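One file, final_12.cif, is given below (mmCIF, N, CA and C atoms).
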```
data_upload
#
loop_
_atom_site.label_atom_id
_atom_site.label_comp_id
_atom_site.auth_asym_id
_atom_site.auth_seq_id
_atom_site.Cartn_x
_atom_site.Cartn_y
_atom_site.Cartn_z
N MET A 985 -5.25 23.30 -13.43
CA MET A 985 -3.82 23.41 -13.38
C MET A 985 -3.33 22.72 -12.11
N SER A 986 -2.28 21.93 -12.23
CA SER A 986 -1.78 21.21 -11.05
C SER A 986 -1.08 22.18 -10.12
N ARG A 987 -0.98 21.78 -8.88
CA ARG A 987 -0.36 22.63 -7.87
C ARG A 987 1.08 22.96 -8.23
N SER A 988 1.81 22.01 -8.81
CA SER A 988 3.22 22.23 -9.09
C SER A 988 3.42 23.22 -10.23
N LYS A 989 2.41 23.49 -11.03
CA LYS A 989 2.55 24.39 -12.17
C LYS A 989 1.99 25.78 -11.90
N CYS A 990 1.41 26.00 -10.74
CA CYS A 990 0.86 27.31 -10.43
C CYS A 990 1.99 28.29 -10.17
N ALA A 991 1.95 29.44 -10.82
CA ALA A 991 2.99 30.45 -10.66
C ALA A 991 3.04 30.94 -9.23
N GLY A 992 4.23 30.94 -8.65
CA GLY A 992 4.41 31.47 -7.31
C GLY A 992 3.99 30.55 -6.18
N VAL A 993 3.45 29.38 -6.50
CA VAL A 993 3.01 28.44 -5.48
C VAL A 993 4.00 27.29 -5.42
N PRO A 994 4.57 27.01 -4.25
CA PRO A 994 5.53 25.91 -4.16
C PRO A 994 4.86 24.57 -4.45
N SER A 995 5.64 23.66 -4.99
CA SER A 995 5.13 22.33 -5.29
C SER A 995 4.76 21.60 -4.00
N VAL A 996 3.58 21.01 -3.98
CA VAL A 996 3.10 20.27 -2.82
C VAL A 996 2.96 18.81 -3.24
N ARG A 997 3.65 17.93 -2.54
CA ARG A 997 3.55 16.51 -2.86
C ARG A 997 2.34 15.93 -2.16
N ARG A 998 1.53 15.23 -2.90
CA ARG A 998 0.40 14.51 -2.30
C ARG A 998 0.94 13.32 -1.53
N ARG A 999 0.16 12.90 -0.56
CA ARG A 999 0.54 11.75 0.24
C ARG A 999 -0.23 10.53 -0.22
N ALA A 1000 0.36 9.36 0.05
CA ALA A 1000 -0.31 8.09 -0.24
C ALA A 1000 0.02 7.09 0.86
N PHE A 1001 -0.99 6.35 1.26
CA PHE A 1001 -0.82 5.24 2.18
C PHE A 1001 -0.91 3.96 1.36
N VAL A 1002 0.08 3.09 1.50
CA VAL A 1002 0.07 1.80 0.83
C VAL A 1002 -0.15 0.74 1.90
N LEU A 1003 -1.19 -0.07 1.73
CA LEU A 1003 -1.58 -1.05 2.74
C LEU A 1003 -1.14 -2.46 2.36
N ASP A 1004 -0.51 -3.15 3.31
CA ASP A 1004 -0.22 -4.56 3.09
C ASP A 1004 -1.43 -5.39 3.51
N SER A 1005 -1.29 -6.69 3.46
CA SER A 1005 -2.39 -7.60 3.77
C SER A 1005 -2.92 -7.41 5.18
N GLU A 1006 -2.02 -7.27 6.14
CA GLU A 1006 -2.45 -7.10 7.53
C GLU A 1006 -3.18 -5.77 7.72
N ALA A 1007 -2.67 -4.71 7.11
CA ALA A 1007 -3.32 -3.41 7.23
C ALA A 1007 -4.71 -3.44 6.60
N LEU A 1008 -4.83 -4.09 5.45
CA LEU A 1008 -6.14 -4.22 4.81
C LEU A 1008 -7.07 -5.08 5.66
N SER A 1009 -6.56 -6.18 6.16
CA SER A 1009 -7.37 -7.06 7.02
C SER A 1009 -7.85 -6.32 8.26
N LYS A 1010 -6.98 -5.55 8.88
CA LYS A 1010 -7.38 -4.80 10.07
C LYS A 1010 -8.46 -3.77 9.72
N THR A 1011 -8.34 -3.15 8.57
CA THR A 1011 -9.36 -2.19 8.15
C THR A 1011 -10.71 -2.89 8.04
N VAL A 1012 -10.73 -4.05 7.40
CA VAL A 1012 -11.97 -4.81 7.21
C VAL A 1012 -12.52 -5.33 8.53
N GLN A 1013 -11.64 -5.61 9.49
CA GLN A 1013 -12.08 -6.12 10.79
C GLN A 1013 -12.54 -5.00 11.72
N GLY A 1014 -12.45 -3.75 11.24
CA GLY A 1014 -12.92 -2.63 12.03
C GLY A 1014 -11.90 -2.09 13.02
N ASP A 1015 -10.63 -2.41 12.83
CA ASP A 1015 -9.57 -1.86 13.67
C ASP A 1015 -9.69 -0.33 13.66
N GLN A 1016 -9.77 0.28 14.83
CA GLN A 1016 -10.04 1.72 14.92
C GLN A 1016 -9.00 2.56 14.19
N ARG A 1017 -7.73 2.25 14.39
CA ARG A 1017 -6.68 3.06 13.77
C ARG A 1017 -6.73 2.97 12.25
N MET A 1018 -6.74 1.74 11.72
CA MET A 1018 -6.69 1.57 10.26
C MET A 1018 -7.98 2.08 9.62
N ALA A 1019 -9.13 1.77 10.21
CA ALA A 1019 -10.39 2.24 9.64
C ALA A 1019 -10.44 3.77 9.64
N ALA A 1020 -9.94 4.40 10.69
CA ALA A 1020 -9.92 5.86 10.75
C ALA A 1020 -9.01 6.45 9.68
N LEU A 1021 -7.85 5.83 9.46
CA LEU A 1021 -6.93 6.31 8.41
C LEU A 1021 -7.58 6.23 7.04
N VAL A 1022 -8.19 5.09 6.74
CA VAL A 1022 -8.83 4.90 5.43
C VAL A 1022 -10.02 5.85 5.28
N LYS A 1023 -10.79 6.02 6.34
CA LYS A 1023 -11.96 6.90 6.28
C LYS A 1023 -11.57 8.37 6.09
N ALA A 1024 -10.52 8.80 6.78
CA ALA A 1024 -10.11 10.21 6.72
C ALA A 1024 -9.31 10.55 5.47
N ALA A 1025 -8.73 9.57 4.82
CA ALA A 1025 -7.83 9.81 3.70
C ALA A 1025 -8.40 10.72 2.60
N PRO A 1026 -9.62 10.47 2.09
CA PRO A 1026 -10.12 11.35 1.02
C PRO A 1026 -10.26 12.80 1.46
N ARG A 1027 -10.70 13.02 2.68
CA ARG A 1027 -10.86 14.38 3.21
C ARG A 1027 -9.51 15.09 3.31
N LEU A 1028 -8.45 14.32 3.55
CA LEU A 1028 -7.10 14.87 3.70
C LEU A 1028 -6.30 14.83 2.40
N ASP A 1029 -6.97 14.46 1.31
CA ASP A 1029 -6.34 14.35 -0.01
C ASP A 1029 -5.18 13.35 -0.01
N ILE A 1030 -5.39 12.23 0.68
CA ILE A 1030 -4.40 11.16 0.74
C ILE A 1030 -4.93 9.97 -0.05
N ALA A 1031 -4.14 9.50 -1.00
CA ALA A 1031 -4.51 8.31 -1.76
C ALA A 1031 -4.23 7.08 -0.89
N VAL A 1032 -5.10 6.08 -0.97
CA VAL A 1032 -4.88 4.80 -0.29
C VAL A 1032 -4.75 3.75 -1.39
N VAL A 1033 -3.65 3.00 -1.34
CA VAL A 1033 -3.28 2.12 -2.44
C VAL A 1033 -2.92 0.75 -1.89
N THR A 1034 -3.17 -0.28 -2.68
CA THR A 1034 -2.66 -1.62 -2.40
C THR A 1034 -2.49 -2.33 -3.73
N SER A 1035 -1.93 -3.51 -3.68
CA SER A 1035 -1.79 -4.31 -4.90
C SER A 1035 -2.96 -5.28 -5.03
N ALA A 1036 -3.24 -5.67 -6.24
CA ALA A 1036 -4.29 -6.66 -6.48
C ALA A 1036 -3.97 -7.96 -5.75
N LEU A 1037 -2.70 -8.34 -5.72
CA LEU A 1037 -2.32 -9.57 -5.03
C LEU A 1037 -2.54 -9.45 -3.52
N THR A 1038 -2.37 -8.26 -2.98
CA THR A 1038 -2.59 -8.05 -1.55
C THR A 1038 -4.06 -8.24 -1.21
N THR A 1039 -4.97 -7.82 -2.10
CA THR A 1039 -6.39 -8.04 -1.82
C THR A 1039 -6.70 -9.53 -1.77
N LEU A 1040 -6.02 -10.29 -2.62
CA LEU A 1040 -6.22 -11.75 -2.61
C LEU A 1040 -5.66 -12.36 -1.32
N GLU A 1041 -4.49 -11.89 -0.91
CA GLU A 1041 -3.88 -12.39 0.32
C GLU A 1041 -4.74 -12.06 1.54
N ALA A 1042 -5.37 -10.88 1.55
CA ALA A 1042 -6.17 -10.45 2.70
C ALA A 1042 -7.56 -11.05 2.72
N TRP A 1043 -8.04 -11.56 1.59
CA TRP A 1043 -9.40 -12.09 1.51
C TRP A 1043 -9.56 -13.29 2.44
N ASN A 1044 -10.61 -13.25 3.23
CA ASN A 1044 -10.91 -14.34 4.15
C ASN A 1044 -12.37 -14.72 3.96
N PRO A 1045 -12.64 -15.87 3.35
CA PRO A 1045 -14.03 -16.25 3.09
C PRO A 1045 -14.84 -16.49 4.37
N GLN A 1046 -14.16 -16.60 5.50
CA GLN A 1046 -14.86 -16.80 6.78
C GLN A 1046 -15.48 -15.50 7.30
N GLN A 1047 -15.19 -14.37 6.64
CA GLN A 1047 -15.67 -13.08 7.11
C GLN A 1047 -16.97 -12.67 6.42
N GLY A 1048 -17.85 -13.60 6.21
CA GLY A 1048 -19.10 -13.30 5.53
C GLY A 1048 -19.86 -12.13 6.14
N ALA A 1049 -19.85 -12.04 7.46
CA ALA A 1049 -20.56 -10.96 8.15
C ALA A 1049 -19.90 -9.61 7.92
N ARG A 1050 -18.64 -9.64 7.49
CA ARG A 1050 -17.89 -8.40 7.27
C ARG A 1050 -17.85 -8.00 5.79
N ARG A 1051 -18.67 -8.62 4.99
CA ARG A 1051 -18.65 -8.32 3.55
C ARG A 1051 -18.88 -6.84 3.27
N GLY A 1052 -19.73 -6.19 4.04
CA GLY A 1052 -19.98 -4.76 3.86
C GLY A 1052 -18.74 -3.94 4.14
N LEU A 1053 -17.98 -4.30 5.18
CA LEU A 1053 -16.74 -3.59 5.48
C LEU A 1053 -15.69 -3.84 4.40
N TRP A 1054 -15.66 -5.06 3.86
CA TRP A 1054 -14.73 -5.38 2.76
C TRP A 1054 -15.05 -4.49 1.56
N ASP A 1055 -16.31 -4.43 1.18
CA ASP A 1055 -16.72 -3.61 0.04
C ASP A 1055 -16.44 -2.12 0.29
N TRP A 1056 -16.71 -1.66 1.52
CA TRP A 1056 -16.44 -0.27 1.88
C TRP A 1056 -14.95 0.04 1.75
N ALA A 1057 -14.11 -0.83 2.31
CA ALA A 1057 -12.66 -0.61 2.27
C ALA A 1057 -12.16 -0.57 0.83
N LEU A 1058 -12.58 -1.53 0.03
CA LEU A 1058 -12.10 -1.57 -1.36
C LEU A 1058 -12.62 -0.40 -2.19
N SER A 1059 -13.76 0.16 -1.80
CA SER A 1059 -14.28 1.31 -2.53
C SER A 1059 -13.43 2.56 -2.28
N ARG A 1060 -12.63 2.54 -1.24
CA ARG A 1060 -11.79 3.68 -0.88
C ARG A 1060 -10.32 3.48 -1.22
N ILE A 1061 -9.99 2.35 -1.82
CA ILE A 1061 -8.60 2.00 -2.08
C ILE A 1061 -8.37 1.86 -3.58
N ASP A 1062 -7.27 2.44 -4.06
CA ASP A 1062 -6.85 2.25 -5.45
C ASP A 1062 -6.09 0.93 -5.50
N VAL A 1063 -6.62 -0.03 -6.24
CA VAL A 1063 -5.99 -1.34 -6.36
C VAL A 1063 -5.12 -1.34 -7.62
N GLU A 1064 -3.81 -1.47 -7.41
CA GLU A 1064 -2.85 -1.48 -8.51
C GLU A 1064 -2.67 -2.90 -9.01
N HIS A 1065 -2.74 -3.05 -10.31
CA HIS A 1065 -2.55 -4.37 -10.91
C HIS A 1065 -1.08 -4.64 -11.15
N THR A 1066 -0.74 -5.89 -11.24
CA THR A 1066 0.66 -6.29 -11.39
C THR A 1066 1.05 -6.27 -12.86
N ASP A 1067 1.28 -5.06 -13.36
CA ASP A 1067 1.70 -4.92 -14.75
C ASP A 1067 3.20 -5.23 -14.87
N ASP A 1068 3.72 -5.14 -16.09
CA ASP A 1068 5.13 -5.48 -16.33
C ASP A 1068 6.08 -4.61 -15.52
N GLN A 1069 5.75 -3.33 -15.34
CA GLN A 1069 6.61 -2.44 -14.58
C GLN A 1069 6.68 -2.87 -13.12
N VAL A 1070 5.56 -3.20 -12.54
CA VAL A 1070 5.53 -3.65 -11.14
C VAL A 1070 6.30 -4.95 -10.98
N ILE A 1071 6.08 -5.90 -11.88
CA ILE A 1071 6.77 -7.19 -11.80
C ILE A 1071 8.28 -6.99 -11.95
N SER A 1072 8.70 -6.14 -12.86
CA SER A 1072 10.13 -5.88 -13.05
C SER A 1072 10.75 -5.26 -11.79
N LEU A 1073 10.05 -4.28 -11.21
CA LEU A 1073 10.54 -3.68 -9.96
C LEU A 1073 10.62 -4.72 -8.85
N ALA A 1074 9.60 -5.54 -8.71
CA ALA A 1074 9.57 -6.56 -7.66
C ALA A 1074 10.69 -7.58 -7.87
N ARG A 1075 10.88 -7.99 -9.11
CA ARG A 1075 11.95 -8.95 -9.41
C ARG A 1075 13.31 -8.36 -9.02
N GLY A 1076 13.53 -7.09 -9.33
CA GLY A 1076 14.79 -6.44 -8.96
C GLY A 1076 14.97 -6.36 -7.46
N MET A 1077 13.89 -6.10 -6.73
CA MET A 1077 13.97 -6.04 -5.27
C MET A 1077 14.31 -7.41 -4.69
N LEU A 1078 13.71 -8.46 -5.24
CA LEU A 1078 14.02 -9.81 -4.77
C LEU A 1078 15.49 -10.14 -5.04
N LYS A 1079 15.97 -9.79 -6.22
CA LYS A 1079 17.36 -10.07 -6.58
C LYS A 1079 18.31 -9.31 -5.67
N THR A 1080 18.07 -8.02 -5.49
CA THR A 1080 18.94 -7.18 -4.66
C THR A 1080 18.97 -7.67 -3.22
N SER A 1081 17.84 -8.09 -2.71
CA SER A 1081 17.75 -8.52 -1.31
C SER A 1081 18.20 -9.95 -1.09
N GLY A 1082 18.29 -10.71 -2.18
CA GLY A 1082 18.67 -12.12 -2.06
C GLY A 1082 17.55 -12.99 -1.54
N LEU A 1083 16.31 -12.48 -1.61
CA LEU A 1083 15.16 -13.25 -1.12
C LEU A 1083 14.48 -13.98 -2.27
N HIS A 1084 13.79 -15.06 -1.96
CA HIS A 1084 13.15 -15.90 -2.97
C HIS A 1084 11.69 -15.52 -3.14
N GLY A 1085 11.25 -15.49 -4.37
CA GLY A 1085 9.87 -15.12 -4.68
C GLY A 1085 8.82 -16.03 -4.07
N HIS A 1086 9.18 -17.29 -3.83
CA HIS A 1086 8.20 -18.23 -3.29
C HIS A 1086 7.60 -17.72 -1.98
N LYS A 1087 8.44 -17.17 -1.12
CA LYS A 1087 7.97 -16.70 0.18
C LYS A 1087 7.68 -15.19 0.19
N TYR A 1088 8.38 -14.43 -0.64
CA TYR A 1088 8.35 -12.97 -0.53
C TYR A 1088 7.72 -12.26 -1.72
N ALA A 1089 7.13 -12.99 -2.64
CA ALA A 1089 6.63 -12.39 -3.88
C ALA A 1089 5.59 -11.29 -3.64
N ILE A 1090 4.61 -11.56 -2.81
CA ILE A 1090 3.54 -10.57 -2.62
C ILE A 1090 4.08 -9.33 -1.91
N ASP A 1091 4.99 -9.51 -0.95
CA ASP A 1091 5.60 -8.35 -0.30
C ASP A 1091 6.42 -7.54 -1.30
N ALA A 1092 7.15 -8.23 -2.18
CA ALA A 1092 7.95 -7.53 -3.19
C ALA A 1092 7.05 -6.76 -4.16
N VAL A 1093 5.92 -7.35 -4.54
CA VAL A 1093 4.97 -6.66 -5.42
C VAL A 1093 4.42 -5.43 -4.71
N LEU A 1094 4.07 -5.54 -3.44
CA LEU A 1094 3.55 -4.38 -2.72
C LEU A 1094 4.62 -3.29 -2.61
N ALA A 1095 5.87 -3.68 -2.36
CA ALA A 1095 6.96 -2.69 -2.31
C ALA A 1095 7.11 -2.01 -3.66
N ALA A 1096 6.98 -2.78 -4.74
CA ALA A 1096 7.07 -2.20 -6.09
C ALA A 1096 5.93 -1.22 -6.34
N VAL A 1097 4.73 -1.55 -5.86
CA VAL A 1097 3.60 -0.62 -5.97
C VAL A 1097 3.90 0.66 -5.21
N ALA A 1098 4.52 0.55 -4.04
CA ALA A 1098 4.90 1.74 -3.27
C ALA A 1098 5.89 2.59 -4.04
N VAL A 1099 6.88 1.95 -4.67
CA VAL A 1099 7.87 2.69 -5.46
C VAL A 1099 7.21 3.35 -6.66
N LYS A 1100 6.36 2.62 -7.35
CA LYS A 1100 5.65 3.19 -8.51
C LYS A 1100 4.79 4.39 -8.08
N THR A 1101 4.17 4.30 -6.94
CA THR A 1101 3.36 5.41 -6.41
C THR A 1101 4.26 6.61 -6.11
N ALA A 1102 5.42 6.36 -5.50
CA ALA A 1102 6.36 7.44 -5.21
C ALA A 1102 6.88 8.07 -6.51
N GLN A 1103 7.09 7.27 -7.53
CA GLN A 1103 7.56 7.79 -8.81
C GLN A 1103 6.54 8.71 -9.47
N ARG A 1104 5.29 8.56 -9.08
CA ARG A 1104 4.23 9.45 -9.60
C ARG A 1104 4.12 10.73 -8.77
N GLY A 1105 5.05 10.93 -7.84
CA GLY A 1105 5.11 12.17 -7.10
C GLY A 1105 4.46 12.16 -5.73
N PHE A 1106 4.11 11.00 -5.22
CA PHE A 1106 3.48 10.91 -3.91
C PHE A 1106 4.54 10.71 -2.82
N GLU A 1107 4.28 11.26 -1.66
CA GLU A 1107 5.04 10.96 -0.45
C GLU A 1107 4.35 9.73 0.16
N VAL A 1108 5.05 8.60 0.19
CA VAL A 1108 4.44 7.31 0.49
C VAL A 1108 4.78 6.81 1.89
N THR A 1109 3.75 6.30 2.57
CA THR A 1109 3.91 5.55 3.81
C THR A 1109 3.31 4.17 3.59
N VAL A 1110 4.10 3.13 3.85
CA VAL A 1110 3.62 1.76 3.75
C VAL A 1110 3.23 1.29 5.15
N PHE A 1111 1.99 0.84 5.30
CA PHE A 1111 1.53 0.26 6.56
C PHE A 1111 1.62 -1.25 6.43
N THR A 1112 2.43 -1.88 7.29
CA THR A 1112 2.72 -3.29 7.13
C THR A 1112 2.99 -3.97 8.47
N SER A 1113 2.75 -5.26 8.50
CA SER A 1113 3.16 -6.07 9.65
C SER A 1113 4.55 -6.63 9.42
N ASP A 1114 5.06 -6.53 8.20
CA ASP A 1114 6.38 -7.05 7.83
C ASP A 1114 7.38 -5.91 7.65
N VAL A 1115 7.61 -5.17 8.72
CA VAL A 1115 8.49 -3.99 8.65
C VAL A 1115 9.88 -4.36 8.16
N ASP A 1116 10.45 -5.43 8.68
CA ASP A 1116 11.80 -5.82 8.29
C ASP A 1116 11.89 -6.11 6.79
N ASP A 1117 10.91 -6.86 6.26
CA ASP A 1117 10.91 -7.17 4.83
C ASP A 1117 10.76 -5.91 4.00
N MET A 1118 9.82 -5.05 4.38
CA MET A 1118 9.61 -3.80 3.62
C MET A 1118 10.84 -2.91 3.70
N ASP A 1119 11.47 -2.81 4.87
CA ASP A 1119 12.70 -2.03 4.98
C ASP A 1119 13.77 -2.58 4.05
N THR A 1120 13.85 -3.90 3.94
CA THR A 1120 14.83 -4.52 3.04
C THR A 1120 14.52 -4.16 1.60
N PHE A 1121 13.27 -4.31 1.18
CA PHE A 1121 12.91 -4.03 -0.20
C PHE A 1121 13.02 -2.54 -0.54
N LEU A 1122 12.74 -1.68 0.41
CA LEU A 1122 12.66 -0.24 0.15
C LEU A 1122 13.89 0.52 0.63
N ALA A 1123 14.97 -0.19 0.93
CA ALA A 1123 16.17 0.45 1.48
C ALA A 1123 16.71 1.56 0.59
N ASP A 1124 16.59 1.43 -0.71
CA ASP A 1124 17.13 2.41 -1.65
C ASP A 1124 16.11 3.48 -2.04
N HIS A 1125 14.99 3.51 -1.36
CA HIS A 1125 13.91 4.43 -1.73
C HIS A 1125 13.51 5.27 -0.52
N ARG A 1126 13.04 6.45 -0.79
CA ARG A 1126 12.63 7.36 0.29
C ARG A 1126 11.14 7.14 0.58
N ILE A 1127 10.86 5.99 1.17
CA ILE A 1127 9.50 5.60 1.50
C ILE A 1127 9.46 5.23 2.97
N ARG A 1128 8.50 5.80 3.66
CA ARG A 1128 8.34 5.53 5.09
C ARG A 1128 7.62 4.19 5.29
N VAL A 1129 8.06 3.44 6.26
CA VAL A 1129 7.44 2.14 6.60
C VAL A 1129 6.97 2.22 8.04
N GLU A 1130 5.70 1.89 8.25
CA GLU A 1130 5.12 1.97 9.60
C GLU A 1130 4.44 0.65 9.95
N ARG A 1131 4.67 0.18 11.16
CA ARG A 1131 4.09 -1.09 11.63
C ARG A 1131 2.61 -0.94 11.94
N VAL A 1132 1.84 -1.97 11.57
CA VAL A 1132 0.42 -2.01 11.94
C VAL A 1132 0.26 -3.04 13.05
#
```
Represent the structure contained in this file as structure tokens.
Amino acid sequence: MSRSKCAGVPSVRRRAFVLDSEALSKTVQGDQRMAALVKAAPRLDIAVVTSALTTLEAWNPQQGARRGLWDWALSRIDVEHTDDQVISLARGMLKTSGLHGHKYAIDAVLAAVAVKTAQRGFEVTVFTSDVDDMDTFLADHRIRVERV
């Protein structure tokens, strides 16, 4: 039985961390803060999420020696694919913000993944190096944005 359906128990929203390319890259590079967040997340019942496009953006073939860290990080992250719902949300965010997909497409997709995650009942924090862009895309949503 889910927590929200237990008689007499208040609904508890699960948390989720959504990682942008820089946050994922820092995790793979062994950044203490990001690696600690990703490592502790399962113990704290926090989902860690990113978009499939973000994994492509973060991939660096020059990091051959870090392949183990890459595999470790991805084993702990739910990778959301760019289905029609995500693309529709991202397209709407680009239109509302007046930004062009050529430069902002992957950020818009990640913002859409954050919204989709929040719609599933998660309290979402997006870790990003593009705080201004994420704030623009997520202005109408109750999603926290934190700089990495």
Once you count only N, CA and C atoms, what closest atom pair and distance in Å to one decimal does each residue of segment 999-1118 of chain A within 6 Å of segment 1126-1131 of chain A have, with rows by chain and rising residue number, as a tab-separated table?
```
residue	atom	partner	partner_atom	distance
A:Val1108	C	A:Arg1128	N	4.2
A:Thr1109	CA	A:Arg1128	C	4.2
A:Val1110	N	A:Arg1128	C	3.9
A:Phe1111	CA	A:Glu1130	C	4.5
A:Thr1112	N	A:Glu1130	C	4.2
A:Ser1113	N	A:Arg1131	CA	5.4
```
Exercise for the section: Quote the spacing between atom N of Leu1078 of chain A and atom C of Ala1123 of chain A in Å to one decimal place. Expected result: 12.0 Å
Problem - Selected residue of minimal separation from Asp1114 of chain A among A:Ala1102, A:Leu1073, A:Arg1060, A:Val1132, counting all atoms listed in the file - result: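 Between A:Ala1102, A:Leu1073, A:Arg1060, A:Val1132, the residue approaching Asp1114 of chain A most closely is A:Val1132.
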Exercise for the section: Please return as a list in words: the residues of chain A that backbone DSSP assigns to strand (DSSP E or B). Expected result: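 Listing strand (DSSP E or B) positions across chain A yields Arg999, Ala1000, Phe1001, Val1002, Leu1003, Ile1030, Ala1031, Val1032, Val1033, Thr1034, Ser1035, Asp1062, Val1063, Glu1064, Glu1107, Val1108, Thr1109, Val1110, Phe1111, Thr1112, Arg1128, Val1129, Glu1130 and Arg1131 of chain A.
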Fill in the blank from the handout: Min atom-atom distance to Thr1066 of chain A from the set A:Ala1042, A:Val1093, A:Val1099, A:Arg1051, counting only N, CA and C atoms, belongs to A:Val1093
Handout entry: Coordinates-based distance that separates atom CA of Leu1021 of chain A from atom CA of Ala1007 of chain A (Å, one decimal)
Key =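 Here the two named atoms are 10.4 Å from each other.
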Practice task
Around the point (-1.8, -14.2, 4.7) in the file's coordinates, collect all residues with an atom within 8 Å, using only N, CA and C atoms, and return them as a list in words.
Solution key: Ser1005, Glu1006, Leu1040, Glu1041, Ala1042 and Trp1043 of chain A
Completion exercise
One decimal place gives the atom C of Asp1062 of chain A-atom CA of Gly1076 of chain A separation as 22.4 Å
Compile the contact shell of Leu1037 of chain A as a short mmCIF file (atom, residue, chain, number, x, y, z; two decimals) with N, CA and C atoms, in the coordinates of the input: residues with an atom at most 7 Å away, counting all atoms listed in the file, same-chain residues fewer than 6 positions apart removed.
```cif
data_model
loop_
_atom_site.label_atom_id
_atom_site.label_comp_id
_atom_site.auth_asym_id
_atom_site.auth_seq_id
_atom_site.Cartn_x
_atom_site.Cartn_y
_atom_site.Cartn_z
N GLU A 1064 -3.81 -1.47 -7.41
CA GLU A 1064 -2.85 -1.48 -8.51
C GLU A 1064 -2.67 -2.90 -9.01
N HIS A 1065 -2.74 -3.05 -10.31
CA HIS A 1065 -2.55 -4.37 -10.91
C HIS A 1065 -1.08 -4.64 -11.15
N THR A 1066 -0.74 -5.89 -11.24
CA THR A 1066 0.66 -6.29 -11.39
C THR A 1066 1.05 -6.27 -12.86
N ILE A 1090 4.61 -11.56 -2.81
CA ILE A 1090 3.54 -10.57 -2.62
C ILE A 1090 4.08 -9.33 -1.91
#
```
Handout entry: Residue with smallest distance to Phe1121 of chain A - pool A:Thr1080, A:Ile1071, A:Ser1059, A:Val1002, counting only N, CA and C atoms
Key =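 Looking at the shortest contact to Phe1121 of chain A, the residue is A:Thr1080.
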Handout entry: Picked residues, the PyMOL selection byres ((chain A and resi 1030) around 7), expected as a PyMOL selection string
Key = chain A and resi 998-1001+1024-1029+1031-1032
Take the selection from the previous step and output its residues with N, CA and C atoms, as a compact mmCIF listing (two decimals), in the frame of the given file.
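What ended up in again30.txt:
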```txt
# COMPACT_ATOMS: atom_id res chain seq x y z
N ARG A 998 1.53 15.23 -2.90
CA ARG A 998 0.40 14.51 -2.30
C ARG A 998 0.94 13.32 -1.53
N ARG A 999 0.16 12.90 -0.56
CA ARG A 999 0.54 11.75 0.24
C ARG A 999 -0.23 10.53 -0.22
N ALA A 1000 0.36 9.36 0.05
CA ALA A 1000 -0.31 8.09 -0.24
C ALA A 1000 0.02 7.09 0.86
N PHE A 1001 -0.99 6.35 1.26
CA PHE A 1001 -0.82 5.24 2.18
C PHE A 1001 -0.91 3.96 1.36
N ALA A 1024 -10.52 8.80 6.78
CA ALA A 1024 -10.11 10.21 6.72
C ALA A 1024 -9.31 10.55 5.47
N ALA A 1025 -8.73 9.57 4.82
CA ALA A 1025 -7.83 9.81 3.70
C ALA A 1025 -8.40 10.72 2.60
N PRO A 1026 -9.62 10.47 2.09
CA PRO A 1026 -10.12 11.35 1.02
C PRO A 1026 -10.26 12.80 1.46
N ARG A 1027 -10.70 13.02 2.68
CA ARG A 1027 -10.86 14.38 3.21
C ARG A 1027 -9.51 15.09 3.31
N LEU A 1028 -8.45 14.32 3.55
CA LEU A 1028 -7.10 14.87 3.70
C LEU A 1028 -6.30 14.83 2.40
N ASP A 1029 -6.97 14.46 1.31
CA ASP A 1029 -6.34 14.35 -0.01
C ASP A 1029 -5.18 13.35 -0.01
N ALA A 1031 -4.14 9.50 -1.00
CA ALA A 1031 -4.51 8.31 -1.76
C ALA A 1031 -4.23 7.08 -0.89
N VAL A 1032 -5.10 6.08 -0.97
CA VAL A 1032 -4.88 4.80 -0.29
C VAL A 1032 -4.75 3.75 -1.39
```
Practice task
Measuring atom to atom with all atoms listed in the file, identify which of A:Ile1061, A:Met1077, A:Leu1053, A:Leu1094 is nearest to Val1022 of chain A.
Solution key: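 Using all atoms listed in the file, the shortest distance to Val1022 of chain A belongs to A:Ile1061.
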Handout entry: Nearest candidate to Ala1092 of chain A (options A:Asp1068, A:Asp1015, A:Asp1117, A:Asp1124; using only N, CA and C atoms)
Key =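 Smallest distance to Ala1092 of chain A is found for A:Asp1117.
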Exercise for the section: Using all atoms listed in the file, pick whichever of A:His1086, A:Thr1120, A:Met1018, A:Val1012 has the shortest atom-to-atom distance to Leu1058 of chain A. Expected result: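 Nearest candidate to Leu1058 of chain A out of A:His1086, A:Thr1120, A:Met1018, A:Val1012: A:Val1012.
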Handout entry: chain A: residues DSSP assigns to helix (DSSP H, G or I), reported as a ChimeraX atom specification
Key = /A:987-989,1005-1012,1016-1024,1036-1042,1048-1059,1068-1081,1085-1103,1115-1121
